[in-house]
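**Student:** Got a file for you: coords_17.txt, compact mmCIF, C-alpha atoms.
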# COMPACT_ATOMS: atom_id res chain seq x y z
CA MET W 1464 98.62 -75.79 -14.32
CA ALA W 1465 97.47 -73.55 -17.17
CA PRO W 1466 98.69 -69.93 -17.03
CA ARG W 1467 95.96 -67.47 -16.10
CA VAL W 1468 95.57 -64.56 -18.49
CA GLU W 1469 94.13 -61.42 -16.93
CA HIS W 1470 91.80 -59.75 -19.38
CA ASP W 1471 89.84 -56.49 -19.16
CA LEU W 1472 86.72 -58.63 -19.08
CA HIS W 1473 87.88 -60.32 -15.85
CA ARG W 1474 88.72 -56.97 -14.29
CA ARG W 1475 85.29 -55.57 -15.09
CA ARG W 1476 83.54 -58.69 -13.85
CA ARG W 1477 85.51 -58.61 -10.59
CA SER W 1478 84.70 -54.91 -10.04
CA ARG W 1479 81.02 -55.68 -10.61
CA ASN W 1480 81.02 -58.61 -8.19
CA LEU W 1481 82.91 -56.69 -5.49
CA GLY W 1482 80.60 -53.72 -5.94
CA LEU W 1483 77.56 -55.93 -5.57
CA LEU W 1484 79.04 -57.51 -2.44
CA VAL W 1485 79.57 -54.08 -0.87
CA VAL W 1486 76.04 -52.98 -1.82
CA LEU W 1487 74.49 -56.14 -0.31
CA LEU W 1488 76.52 -55.83 2.91
CA ALA W 1489 75.54 -52.15 3.19
CA LEU W 1490 71.90 -53.11 2.68
CA VAL W 1491 72.06 -55.72 5.44
CA ALA W 1492 73.67 -53.15 7.76
CA LEU W 1493 71.00 -50.56 6.90
CA ILE W 1494 68.11 -52.93 7.56
CA ILE W 1495 69.62 -54.11 10.86
CA GLY W 1496 70.19 -50.49 11.85
CA MET W 1497 66.64 -49.46 10.89
CA THR W 1498 65.22 -52.41 12.83
CA MET W 1499 67.23 -51.53 15.93
CA VAL W 1500 66.11 -47.89 15.80
CA ARG W 1501 62.48 -48.82 15.22
CA VAL W 1502 62.48 -51.38 18.06
CA SER W 1503 64.24 -49.00 20.47
CA GLN W 1504 61.66 -46.32 19.63
CA GLY W 1505 58.95 -48.91 20.31
CA ASN W 1506 56.28 -46.66 18.87
CA MET W 1507 52.88 -48.06 18.07
CA MET W 1508 53.84 -51.54 19.32
CA LYS W 1509 51.40 -53.28 21.59
CA GLY W 1510 53.05 -55.64 24.06
CA PHE W 1511 50.38 -58.29 24.39
CA ASP W 1512 49.89 -59.36 20.78
CA HIS W 1513 52.91 -57.77 19.00
CA ARG W 1514 50.68 -56.02 16.47
CA MET W 1515 50.90 -52.42 15.30
CA GLY W 1516 48.37 -50.02 16.74
CA ASP W 1517 47.54 -47.89 19.77
CA LEU W 1518 47.82 -49.37 23.20
CA PRO W 1519 44.47 -50.19 24.80
CA PRO W 1520 43.37 -47.76 27.56
CA PRO W 1521 44.49 -48.81 31.05
CA VAL W 1522 41.95 -50.80 33.02
CA VAL W 1523 40.81 -48.73 35.99
CA GLN W 1524 39.32 -50.58 38.97
CA GLU W 1525 36.20 -49.20 40.60
CA GLY W 1526 37.99 -48.39 43.84
CA GLN W 1527 40.86 -46.49 42.14
CA ARG W 1528 38.69 -43.72 40.66
CA MET G 923 61.29 -47.44 -30.10
CA SER G 924 63.98 -49.00 -32.25
CA ASP G 925 66.58 -51.40 -30.96
CA VAL G 926 70.04 -49.99 -30.70
CA PRO G 927 72.91 -51.90 -32.28
CA HIS G 928 75.66 -52.72 -29.82
CA SER G 929 78.77 -51.20 -31.24
CA THR G 930 81.57 -49.60 -29.30
CA SER G 931 82.26 -51.79 -26.31
CA ALA G 932 85.68 -53.36 -26.08
CA THR G 933 84.44 -56.28 -24.01
CA GLY G 934 80.66 -56.04 -23.85
CA GLU G 935 81.07 -56.57 -20.12
CA ALA G 936 79.91 -53.82 -17.77
CA GLY G 937 81.94 -52.89 -14.70
CA PHE G 938 80.40 -51.66 -11.46
CA GLY G 939 80.94 -48.05 -12.54
CA ASP G 940 78.74 -48.59 -15.60
CA TYR G 941 75.86 -49.61 -13.34
CA VAL G 942 76.47 -46.50 -11.22
CA ALA G 943 76.43 -44.38 -14.40
CA LEU G 944 73.06 -45.93 -15.25
CA LEU G 945 71.62 -44.23 -12.15
CA LYS G 946 72.69 -40.72 -13.29
CA PRO G 947 74.79 -39.86 -10.21
CA ARG G 948 74.98 -36.12 -11.02
CA VAL G 949 71.20 -35.82 -10.94
CA MET G 950 71.19 -37.91 -7.74
CA SER G 951 73.47 -35.37 -6.03
CA LEU G 952 70.86 -32.61 -6.53
CA VAL G 953 68.15 -34.98 -5.29
CA VAL G 954 70.17 -35.84 -2.17
CA PHE G 955 70.89 -32.22 -1.31
CA THR G 956 67.37 -30.84 -1.77
CA ALA G 957 65.71 -33.86 -0.11
CA PHE G 958 68.07 -33.50 2.85
CA VAL G 959 67.25 -29.80 3.21
CA GLY G 960 63.51 -30.55 3.00
CA LEU G 961 63.87 -33.15 5.74
CA TRP G 962 66.18 -31.05 7.91
CA VAL G 963 64.12 -27.86 7.97
CA ALA G 964 60.84 -29.69 8.68
CA PRO G 965 59.39 -28.88 12.11
CA VAL G 966 59.28 -32.53 13.24
CA PRO G 967 62.67 -34.01 14.23
CA MET G 968 63.63 -37.40 12.83
CA ASN G 969 66.02 -40.00 14.18
CA PRO G 970 69.40 -39.25 12.48
CA PHE G 971 69.91 -42.81 11.26
CA LEU G 972 66.39 -43.07 9.85
CA ALA G 973 66.85 -39.63 8.26
CA PHE G 974 70.08 -40.84 6.63
CA CYS G 975 68.29 -43.96 5.34
CA ALA G 976 65.36 -41.87 4.08
CA VAL G 977 67.61 -39.55 2.04
CA LEU G 978 69.50 -42.58 0.70
CA PHE G 979 66.29 -44.27 -0.43
CA ILE G 980 65.02 -41.07 -2.06
CA ALA G 981 68.35 -40.93 -3.94
CA LEU G 982 67.95 -44.58 -4.99
CA GLY G 983 64.44 -43.77 -6.23
CA GLY G 984 65.98 -40.95 -8.29
CA GLY G 985 68.57 -43.43 -9.58
CA ALA G 986 65.80 -45.85 -10.58
CA SER G 987 64.15 -43.03 -12.57
CA GLY G 988 67.48 -42.42 -14.29
CA ALA G 989 67.82 -46.10 -15.22
CA LEU G 990 64.27 -46.21 -16.63
CA ASN G 991 64.97 -42.98 -18.53
CA MET G 992 68.15 -44.44 -20.06
CA TRP G 993 66.33 -47.68 -20.91
CA TYR G 994 63.60 -45.84 -22.82
CA GLU G 995 65.87 -43.27 -24.46
CA ARG G 996 68.58 -45.64 -25.65
CA ASP G 997 67.59 -45.00 -29.27
CA ILE G 998 68.02 -41.22 -29.11
CA ASP G 999 71.01 -41.47 -26.74
CA ALA G 1000 72.83 -43.36 -29.50
CA LEU G 1001 72.22 -40.44 -31.90
CA MET G 1002 73.60 -37.62 -29.73
CA ARG G 1003 77.30 -36.93 -29.14
CA ARG G 1004 76.80 -36.10 -25.46
CA THR G 1005 74.98 -39.35 -24.66
CA ARG G 1006 76.30 -41.97 -27.06
CA ASN G 1007 78.85 -43.25 -24.53
CA ARG G 1008 76.20 -44.05 -21.93
CA PRO G 1009 76.19 -47.73 -20.88
CA LEU G 1010 73.22 -48.75 -23.06
CA PRO G 1011 74.14 -47.19 -26.40
CA ALA G 1012 77.75 -48.27 -25.78
CA GLY G 1013 76.51 -51.86 -25.51
CA LEU G 1014 77.84 -52.40 -21.98
CA ILE G 1015 74.46 -53.08 -20.37
CA GLU G 1016 71.59 -54.91 -22.03
CA PRO G 1017 68.28 -52.97 -22.27
CA ASP G 1018 66.40 -55.68 -20.37
CA ALA G 1019 68.93 -55.49 -17.54
CA ALA G 1020 68.53 -51.69 -17.34
CA LEU G 1021 64.74 -52.06 -17.24
CA GLY G 1022 65.03 -54.69 -14.51
CA ILE G 1023 67.38 -52.53 -12.47
CA GLY G 1024 65.11 -49.50 -12.84
CA LEU G 1025 61.93 -51.32 -11.84
CA GLY G 1026 63.60 -53.39 -9.10
CA LEU G 1027 65.51 -50.51 -7.56
CA GLY G 1028 62.45 -48.26 -7.74
CA GLY G 1029 60.22 -50.77 -5.96
CA PHE G 1030 62.95 -51.46 -3.45
CA ALA G 1031 63.53 -47.76 -2.69
CA VAL G 1032 59.80 -47.14 -2.22
CA MET G 1033 59.33 -50.11 0.14
CA LEU G 1034 62.38 -49.24 2.23
CA LEU G 1035 61.41 -45.56 2.42
CA GLY G 1036 58.02 -46.69 3.75
CA LEU G 1037 59.78 -48.66 6.47
CA ALA G 1038 62.37 -45.97 7.28
CA ALA G 1039 59.98 -42.99 7.27
CA ASN G 1040 56.28 -43.40 6.45
CA TRP G 1041 54.04 -44.65 3.65
CA PHE G 1042 52.91 -41.19 2.57
CA ALA G 1043 56.51 -40.29 1.71
CA ALA G 1044 56.97 -43.70 0.05
CA GLY G 1045 53.86 -43.18 -2.09
CA PHE G 1046 55.14 -39.74 -3.05
CA LEU G 1047 58.47 -41.26 -4.12
CA ALA G 1048 56.62 -43.86 -6.22
CA PHE G 1049 54.62 -41.06 -7.87
CA THR G 1050 57.84 -39.13 -8.59
CA ILE G 1051 59.45 -42.16 -10.27
CA PHE G 1052 56.28 -42.69 -12.32
CA PHE G 1053 56.13 -39.00 -13.24
CA TYR G 1054 59.74 -38.86 -14.46
CA ALA G 1055 59.81 -42.23 -16.22
CA VAL G 1056 56.33 -42.30 -17.75
CA VAL G 1057 54.82 -38.80 -17.88
CA TYR G 1058 58.06 -36.99 -18.79
CA THR G 1059 60.31 -39.54 -20.52
CA MET G 1060 57.78 -41.67 -22.38
CA TRP G 1061 54.96 -39.25 -22.97
CA LEU G 1062 55.90 -35.58 -23.10
CA LYS G 1063 59.64 -35.30 -23.81
CA ARG G 1064 59.27 -36.11 -27.49
CA SER G 1065 55.94 -34.38 -28.01
CA THR G 1066 56.21 -30.84 -26.61
CA PRO G 1067 58.88 -28.11 -26.40
CA GLN G 1068 57.68 -27.50 -22.84
CA ASN G 1069 59.31 -30.84 -21.92
CA ILE G 1070 61.90 -29.13 -19.72
CA VAL G 1071 59.17 -27.39 -17.71
CA ILE G 1072 57.29 -30.64 -17.08
CA GLY G 1073 60.45 -32.65 -16.41
CA GLY G 1074 61.44 -29.98 -13.90
CA ALA G 1075 58.54 -31.04 -11.69
CA ALA G 1076 60.10 -34.47 -11.16
CA GLY G 1077 63.36 -32.83 -10.10
CA ALA G 1078 61.46 -30.49 -7.79
CA PHE G 1079 59.64 -33.18 -5.77
CA PRO G 1080 62.59 -34.36 -3.56
CA PRO G 1081 62.42 -31.51 -0.98
CA MET G 1082 58.69 -32.25 -0.61
CA ILE G 1083 59.45 -35.95 -0.09
CA GLY G 1084 62.11 -35.04 2.48
CA TRP G 1085 59.59 -32.87 4.34
CA ALA G 1086 56.98 -35.66 4.12
CA CYS G 1087 59.49 -38.14 5.61
CA ALA G 1088 59.77 -36.01 8.75
CA THR G 1089 56.19 -34.78 9.10
CA GLY G 1090 54.08 -37.40 7.34
CA GLY G 1091 52.34 -34.63 5.36
CA LEU G 1092 52.83 -31.42 3.39
CA GLY G 1093 52.46 -27.68 3.93
CA VAL G 1094 53.05 -24.33 2.29
CA GLU G 1095 56.82 -24.52 2.93
CA PRO G 1096 57.48 -27.71 0.91
CA LEU G 1097 55.15 -26.42 -1.82
CA LEU G 1098 57.28 -23.29 -2.13
CA MET G 1099 60.50 -25.35 -2.10
CA PHE G 1100 58.96 -27.34 -4.95
CA ALA G 1101 58.01 -24.16 -6.82
CA LEU G 1102 61.52 -22.73 -6.41
CA THR G 1103 63.13 -25.74 -8.14
CA PHE G 1104 60.27 -26.04 -10.64
CA PHE G 1105 60.54 -22.43 -11.89
CA TRP G 1106 64.35 -22.54 -11.76
CA THR G 1107 64.67 -25.52 -14.13
CA PRO G 1108 63.51 -23.92 -17.44
CA PRO G 1109 65.82 -20.87 -17.38
CA HIS G 1110 68.69 -23.12 -16.25
CA PHE G 1111 68.31 -25.52 -19.20
CA TRP G 1112 67.30 -22.99 -21.84
CA ALA G 1113 70.36 -20.87 -21.02
CA LEU G 1114 72.44 -24.00 -21.64
CA ALA G 1115 70.56 -24.65 -24.89
CA LEU G 1116 71.46 -21.12 -26.06
CA PHE G 1117 75.20 -21.81 -26.02
CA VAL G 1118 75.54 -25.59 -26.41
CA LYS G 1119 74.92 -26.85 -29.90
CA ASP G 1120 73.28 -30.14 -28.99
CA ASP G 1121 71.86 -32.49 -31.60
CA TYR G 1122 68.37 -32.76 -30.14
CA SER G 1123 66.78 -31.99 -33.50
CA ASN G 1124 68.59 -34.98 -35.07
CA ALA G 1125 67.12 -37.12 -32.31
CA GLY G 1126 63.62 -35.75 -32.84
CA VAL G 1127 63.35 -34.07 -29.42
CA PRO G 1128 61.52 -30.73 -29.69
CA MET G 1129 63.60 -28.13 -27.85
CA LEU G 1130 62.21 -24.63 -27.43
CA THR G 1131 65.26 -23.02 -29.04
CA VAL G 1132 64.59 -25.05 -32.21
CA THR G 1133 60.78 -25.18 -32.36
CA HIS G 1134 60.06 -21.56 -31.35
CA GLY G 1135 63.43 -19.95 -32.05
CA ARG G 1136 66.12 -18.53 -29.83
CA PRO G 1137 64.45 -15.10 -29.25
CA ALA G 1138 61.43 -16.96 -27.81
CA ALA G 1139 63.74 -18.88 -25.49
CA ARG G 1140 65.27 -15.57 -24.34
CA ARG G 1141 61.81 -14.19 -23.54
CA GLN G 1142 60.84 -17.34 -21.65
CA ILE G 1143 64.07 -17.28 -19.62
CA PHE G 1144 63.32 -13.74 -18.46
CA ALA G 1145 59.68 -14.62 -17.71
CA TYR G 1146 60.79 -17.45 -15.43
CA THR G 1147 63.32 -15.25 -13.61
CA LEU G 1148 60.39 -12.89 -12.90
CA LEU G 1149 58.23 -15.77 -11.64
CA LEU G 1150 61.01 -16.92 -9.34
CA VAL G 1151 61.11 -13.64 -7.38
CA PRO G 1152 57.78 -13.98 -5.50
CA VAL G 1153 58.38 -17.70 -4.93
CA ALA G 1154 61.88 -17.24 -3.49
CA LEU G 1155 60.90 -14.23 -1.35
CA GLY G 1156 57.62 -15.85 -0.31
CA LEU G 1157 59.54 -18.84 1.02
CA GLY G 1158 61.45 -16.40 3.22
CA LEU G 1159 58.21 -15.31 4.89
CA THR G 1160 57.23 -18.83 5.97
CA SER G 1161 58.20 -20.64 9.17
CA ILE G 1162 61.47 -21.89 7.64
CA GLY G 1163 62.54 -18.44 6.40
CA GLY G 1164 64.36 -15.73 8.29
CA PRO G 1165 66.85 -12.87 7.87
CA VAL G 1166 69.73 -15.07 6.62
CA TYR G 1167 67.59 -16.73 3.95
CA MET G 1168 65.90 -13.47 2.96
CA THR G 1169 69.24 -11.69 2.48
CA VAL G 1170 70.50 -14.50 0.24
CA ALA G 1171 67.20 -14.59 -1.68
CA ILE G 1172 67.20 -10.82 -2.33
CA VAL G 1173 70.82 -10.81 -3.55
CA MET G 1174 70.51 -13.94 -5.70
CA ASN G 1175 67.20 -12.87 -7.26
CA ALA G 1176 68.57 -9.42 -8.07
CA LEU G 1177 71.55 -11.04 -9.83
CA PHE G 1178 69.30 -13.57 -11.58
CA LEU G 1179 66.93 -10.86 -12.79
CA ARG G 1180 69.83 -8.82 -14.11
CA GLY G 1181 71.20 -11.89 -15.93
CA GLY G 1182 67.77 -12.71 -17.39
CA TRP G 1183 67.36 -9.10 -18.54
CA GLN G 1184 70.77 -9.15 -20.26
CA ILE G 1185 69.82 -12.35 -22.10
CA LEU G 1186 66.48 -10.84 -23.14
CA ARG G 1187 68.13 -7.71 -24.55
CA ARG G 1188 70.77 -9.53 -26.60
CA THR G 1189 70.52 -10.68 -30.17
CA ASP G 1190 72.05 -13.90 -31.42
CA ALA G 1191 74.65 -11.89 -33.36
CA GLU G 1192 75.79 -10.15 -30.17
CA SER G 1193 75.79 -13.48 -28.41
CA GLU G 1194 77.94 -15.13 -31.09
CA ALA G 1195 80.33 -12.16 -31.06
CA ASP G 1196 81.36 -12.65 -27.43
CA ARG G 1197 81.01 -16.46 -27.52
CA HIS G 1198 77.77 -16.40 -25.48
CA ALA G 1199 79.42 -14.77 -22.46
CA ALA G 1200 76.14 -13.59 -20.90
CA GLU G 1201 74.42 -16.94 -21.47
CA ARG G 1202 77.36 -18.85 -20.00
CA GLY G 1203 77.46 -16.47 -17.02
CA PHE G 1204 73.72 -16.85 -16.45
CA PHE G 1205 73.96 -20.65 -16.58
CA LYS G 1206 76.79 -20.63 -14.03
CA LEU G 1207 74.81 -18.23 -11.84
CA SER G 1208 71.78 -20.53 -12.03
CA LEU G 1209 73.83 -23.34 -10.45
CA TYR G 1210 74.78 -21.06 -7.55
CA TYR G 1211 71.22 -19.70 -7.36
CA LEU G 1212 69.53 -22.95 -6.39
CA PHE G 1213 72.39 -24.15 -4.20
CA ALA G 1214 72.50 -20.81 -2.33
CA HIS G 1215 68.75 -20.82 -1.60
CA PHE G 1216 68.73 -24.35 -0.18
CA LEU G 1217 71.98 -23.79 1.72
CA ALA G 1218 70.49 -20.59 3.18
CA LEU G 1219 67.46 -22.58 4.38
CA LEU G 1220 69.83 -25.01 6.07
CA VAL G 1221 71.81 -22.23 7.75
CA GLN G 1222 68.61 -20.41 8.72
CA SER G 1223 67.33 -23.50 10.51
CA GLY G 1224 70.41 -23.30 12.74
CA PHE G 1225 69.58 -19.71 13.72
CA GLY G 1226 65.81 -20.15 13.99
CA GLY G 1227 63.25 -18.21 11.97
CA TRP G 1228 61.87 -14.71 12.26
Could you write out this structure as structure tokens?
**Tutor:**
Amino acid sequence: MAPRVEHDLHRRRRSRNLGLLVVLLALVALIIGMTMVRVSQGNMMKGFDHRMGDLPPPVVQEGQR
Amino acid sequence: MSDVPHSTSATGEAGFGDYVALLKPRVMSLVVFTAFVGLWVAPVPMNPFLAFCAVLFIALGGGASGALNMWYERDIDALMRRTRNRPLPAGLIEPDAALGIGLGLGGFAVMLLGLAANWFAAGFLAFTIFFYAVVYTMWLKRSTPQNIVIGGAAGAFPPMIGWACATGGLGVEPLLMFALTFFWTPPHFWALALFVKDDYSNAGVPMLTVTHGRPAARRQIFAYTLLLVPVALGLGLTSIGGPVYMTVAIVMNALFLRGGWQILRRTDAESEADRHAAERGFFKLSLYYLFAHFLALLVQSGFGGW
């Protein structure tokens, strides 16, 4: 097996790759967290067609007025 | 813009820290702090996690501006002692990569801010990036000695964006927070220019101290300290002001006015004689000045207003 020579170039490349890994993992965590907060708030979400917007006014029967 | 020869790198390979340096982390710290204060003191509460994300994305937008600035200014950065070790002139990061990071990160920050907060705040962030990268860096920095004044606007937008994240709009309070940072920037930088011998003239950047002379810069510094007084005290009379903020504002503005007056009254010979003591003191005070005002707003929000 050939001996592996550690060079400054390898060190810099490793730091860059590890940094990018941490950034990507943090991004995934942020987006999951934002999604969970948004869904738990449930604002502006209509139940029947899953589209953004105000809920339709409740249907009131004639006899309930 | 001329291409910069790659010269000083030992390896030509950038580490993660070089990419962080591309985003100007020191400028980002000011952006984070003032955006956070703007968001915190706004009358509409925001979910803490979304607020954290919003401040983070505003900071990333600021970082994107920094990357675009370094991409465009790589030719003059290579000519100045203070900036020649930045990742681009040092040959660690390719110009195309810096441009890609700036544009990509900027777009990314704007989209995510829209999702975390609202699209008004996201649009405002996009405008801020455009203003700093295009209006200031590409257009005005090399064409007018008032470049610091105009560039100061980009640095002054973050508290407004923070406020917009929480409320979805603007008001007199964020406008005054903007004005405070906007009017603070010129005396802060011109005081530095009075005692740091930078090589802007070699790089072809018109600085007020060179184009109009140092006495003119002294007059302008004092003029801006005068302008700051009504802005800082006016902010204290709004819904986010109160006795704590007003006390800090009165003390800091009195000190700032005194410092500006001392600079106005001095000649360059007097300044050289004591190694620019007054100018150095004023610059140091200016750092405390802005920090104290925004910290006072934060503390005041804990006590309630008037």
**Student:** Near chain G, which residues of chain W fall within 8 Å when you count all atoms listed in the file, and what do they look like as a list in words?
**Tutor:** Asp1471, Leu1472, Arg1474, Arg1475, Arg1476, Arg1477, Ser1478, Arg1479, Asn1480, Gly1482, Leu1483, Leu1493, Gly1496, Met1497 and Val1500 of chain W
**Student:** Around the point (59.9, -17.4, -26.1) (coordinates from the file), which residues reach within 12 Å if we count all atoms listed in the file? Answer as a list in words.
**Tutor:**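 Every residue inside that radius is included here: Pro1067, Gln1068, Pro1108, Pro1109, Trp1112, Met1129, Leu1130, Thr1131, Val1132, Thr1133, His1134, Gly1135, Arg1136, Pro1137, Ala1138, Ala1139, Arg1140, Arg1141, Gln1142, Ile1143, Phe1144, Ala1145, Tyr1146, Ile1185 and Leu1186 of chain G.
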**Student:** Give me the residues within 9 Å of Thr1050 in chain G as a count of residues only, counting all atoms listed in the file and dropping any in the same chain fewer than 4 places off.
**Tutor:** 12
**Student:** So how far away is CA of Leu1150 in chain G from CA of Ala981 in chain G, in Å?
**Tutor:**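 Taking CA of Ala981 in chain G and CA of Leu1150 in chain G, their separation equals 25.7 Å.
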**Student:** Identify the residues around (58.1, -33.9, -21.2) within a radius of 12 Å, measuring from all atoms listed in the file in the coordinates stated by the file, and give them as a PDB file with C-alpha atoms, in the coordinates of the input.
**Tutor:**
ATOM      1  CA  ASN G 991      64.970 -42.980 -18.530  1.00  0.00           C
ATOM      2  CA  PHE G1053      56.130 -39.000 -13.240  1.00  0.00           C
ATOM      3  CA  TYR G1054      59.740 -38.860 -14.460  1.00  0.00           C
ATOM      4  CA  ALA G1055      59.810 -42.230 -16.220  1.00  0.00           C
ATOM      5  CA  VAL G1056      56.330 -42.300 -17.750  1.00  0.00           C
ATOM      6  CA  VAL G1057      54.820 -38.800 -17.880  1.00  0.00           C
ATOM      7  CA  TYR G1058      58.060 -36.990 -18.790  1.00  0.00           C
ATOM      8  CA  THR G1059      60.310 -39.540 -20.520  1.00  0.00           C
ATOM      9  CA  MET G1060      57.780 -41.670 -22.380  1.00  0.00           C
ATOM     10  CA  TRP G1061      54.960 -39.250 -22.970  1.00  0.00           C
ATOM     11  CA  LEU G1062      55.900 -35.580 -23.100  1.00  0.00           C
ATOM     12  CA  LYS G1063      59.640 -35.300 -23.810  1.00  0.00           C
ATOM     13  CA  ARG G1064      59.270 -36.110 -27.490  1.00  0.00           C
ATOM     14  CA  SER G1065      55.940 -34.380 -28.010  1.00  0.00           C
ATOM     15  CA  THR G1066      56.210 -30.840 -26.610  1.00  0.00           C
ATOM     16  CA  PRO G1067      58.880 -28.110 -26.400  1.00  0.00           C
ATOM     17  CA  GLN G1068      57.680 -27.500 -22.840  1.00  0.00           C
ATOM     18  CA  ASN G1069      59.310 -30.840 -21.920  1.00  0.00           C
ATOM     19  CA  ILE G1070      61.900 -29.130 -19.720  1.00  0.00           C
ATOM     20  CA  VAL G1071      59.170 -27.390 -17.710  1.00  0.00           C
ATOM     21  CA  ILE G1072      57.290 -30.640 -17.080  1.00  0.00           C
ATOM     22  CA  GLY G1073      60.450 -32.650 -16.410  1.00  0.00           C
ATOM     23  CA  GLY G1074      61.440 -29.980 -13.900  1.00  0.00           C
ATOM     24  CA  ALA G1075      58.540 -31.040 -11.690  1.00  0.00           C
ATOM     25  CA  ALA G1076      60.100 -34.470 -11.160  1.00  0.00           C
ATOM     26  CA  PRO G1108      63.510 -23.920 -17.440  1.00  0.00           C
ATOM     27  CA  VAL G1127      63.350 -34.070 -29.420  1.00  0.00           C
ATOM     28  CA  PRO G1128      61.520 -30.730 -29.690  1.00  0.00           C
ATOM     29  CA  MET G1129      63.600 -28.130 -27.850  1.00  0.00           C
ATOM     30  CA  LEU G1130      62.210 -24.630 -27.430  1.00  0.00           C
TER      31      LEU G1130
END
**Student:** CA of Arg1188 in chain G and CA of Leu1149 in chain G are how many Å apart?
**Tutor:**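 Value for the CA of Arg1188 in chain G-CA of Leu1149 in chain G distance: 20.5 Å.
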**Student:** Pick out the closest residue to Leu1021 in chain G from this set: G:Glu1095, G:Gly1090, G:Ala1043, G:Leu945. Count only C-alpha atoms.
**Tutor:** G:Leu945
**Student:** May I ask for the distance between CA of Val1502 in chain W and CA of Ala1086 in chain G, given in Å to one decimal place?
**Tutor:**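 Computing the Euclidean distance for CA of Val1502 in chain W and CA of Ala1086 in chain G yields 21.7 Å.
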**Student:** Which residue is closest to Thr1160 in chain G? Choose from G:Ala1078, G:Val963, G:Ala1000, G:Leu990 and count only C-alpha atoms.
**Tutor:** G:Val963
**Student:** List as a list in words the protein and nucleic acid residues near Val1221 in chain G, meaning an atom at most 9 Å away when all atoms listed in the file are counted, but skip any in the same chain fewer than 5 places from it.
**Tutor:** Val1166, Tyr1167, Phe1216 and Gly1226 of chain G
**Student:** Point out the residue among G:Ala1048, G:Met1033, G:Ala1125, G:Ile1023 with the least atom-to-atom distance to Arg1006 in chain G, counting only C-alpha atoms.
**Tutor:**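 Nearest candidate to Arg1006 in chain G out of G:Ala1048, G:Met1033, G:Ala1125, G:Ile1023: G:Ala1125.
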**Student:** When you look at Met1174 in chain G with a cut-off of 12 Å (counting only C-alpha atoms), what residues show up, excluding the ones that are within fewer than 4 positions of it in the same chain? I need them as a ChimeraX atom specification.
**Tutor:** /G:1147,1150-1151,1154-1155,1167-1170,1178-1181,1204,1207-1216,1218
**Student:** Please determine, counting all atoms listed in the file, which residue among G:His1110, G:Lys1206, G:Arg1003, G:Arg1197 has the shortest atom-to-atom distance to Tyr1122 in chain G.
**Tutor:**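 Looking at the shortest contact to Tyr1122 in chain G, the residue is G:Arg1003.
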**Student:** Would you mind completing range 1113-1124 of chain G to N, CA and C atoms and writing the output as a PDB file, keeping the file's coordinate frame?
**Tutor:**
ATOM      1  N   ALA G1113      69.101 -21.624 -20.907  1.00  0.00           N
ATOM      2  CA  ALA G1113      70.360 -20.870 -21.020  1.00  0.00           C
ATOM      3  C   ALA G1113      71.448 -21.772 -21.587  1.00  0.00           C
ATOM      4  N   LEU G1114      71.475 -23.022 -21.124  1.00  0.00           N
ATOM      5  CA  LEU G1114      72.440 -24.000 -21.640  1.00  0.00           C
ATOM      6  C   LEU G1114      72.195 -24.240 -23.135  1.00  0.00           C
ATOM      7  N   ALA G1115      70.903 -24.369 -23.485  1.00  0.00           N
ATOM      8  CA  ALA G1115      70.560 -24.650 -24.890  1.00  0.00           C
ATOM      9  C   ALA G1115      70.960 -23.498 -25.808  1.00  0.00           C
ATOM     10  N   LEU G1116      71.090 -22.270 -25.240  1.00  0.00           N
ATOM     11  CA  LEU G1116      71.460 -21.120 -26.060  1.00  0.00           C
ATOM     12  C   LEU G1116      72.931 -21.148 -26.456  1.00  0.00           C
ATOM     13  N   PHE G1117      73.778 -21.818 -25.658  1.00  0.00           N
ATOM     14  CA  PHE G1117      75.200 -21.810 -26.020  1.00  0.00           C
ATOM     15  C   PHE G1117      75.795 -23.184 -26.315  1.00  0.00           C
ATOM     16  N   VAL G1118      75.047 -24.251 -26.058  1.00  0.00           N
ATOM     17  CA  VAL G1118      75.540 -25.590 -26.410  1.00  0.00           C
ATOM     18  C   VAL G1118      74.787 -26.067 -27.642  1.00  0.00           C
ATOM     19  N   LYS G1119      75.550 -26.357 -28.668  1.00  0.00           N
ATOM     20  CA  LYS G1119      74.920 -26.850 -29.900  1.00  0.00           C
ATOM     21  C   LYS G1119      74.695 -28.355 -29.759  1.00  0.00           C
ATOM     22  N   ASP G1120      73.565 -28.719 -29.172  1.00  0.00           N
ATOM     23  CA  ASP G1120      73.280 -30.140 -28.990  1.00  0.00           C
ATOM     24  C   ASP G1120      72.510 -30.638 -30.211  1.00  0.00           C
ATOM     25  N   ASP G1121      72.519 -31.951 -30.402  1.00  0.00           N
ATOM     26  CA  ASP G1121      71.860 -32.490 -31.600  1.00  0.00           C
ATOM     27  C   ASP G1121      70.489 -33.056 -31.281  1.00  0.00           C
ATOM     28  N   TYR G1122      69.714 -32.317 -30.494  1.00  0.00           N
ATOM     29  CA  TYR G1122      68.370 -32.760 -30.140  1.00  0.00           C
ATOM     30  C   TYR G1122      67.482 -32.889 -31.383  1.00  0.00           C
ATOM     31  N   SER G1123      67.662 -31.946 -32.325  1.00  0.00           N
ATOM     32  CA  SER G1123      66.780 -31.990 -33.500  1.00  0.00           C
ATOM     33  C   SER G1123      67.037 -33.255 -34.320  1.00  0.00           C
ATOM     34  N   ASN G1124      68.300 -33.711 -34.380  1.00  0.00           N
ATOM     35  CA  ASN G1124      68.590 -34.980 -35.070  1.00  0.00           C
ATOM     36  C   ASN G1124      67.874 -36.137 -34.409  1.00  0.00           C
TER      37      ASN G1124
END
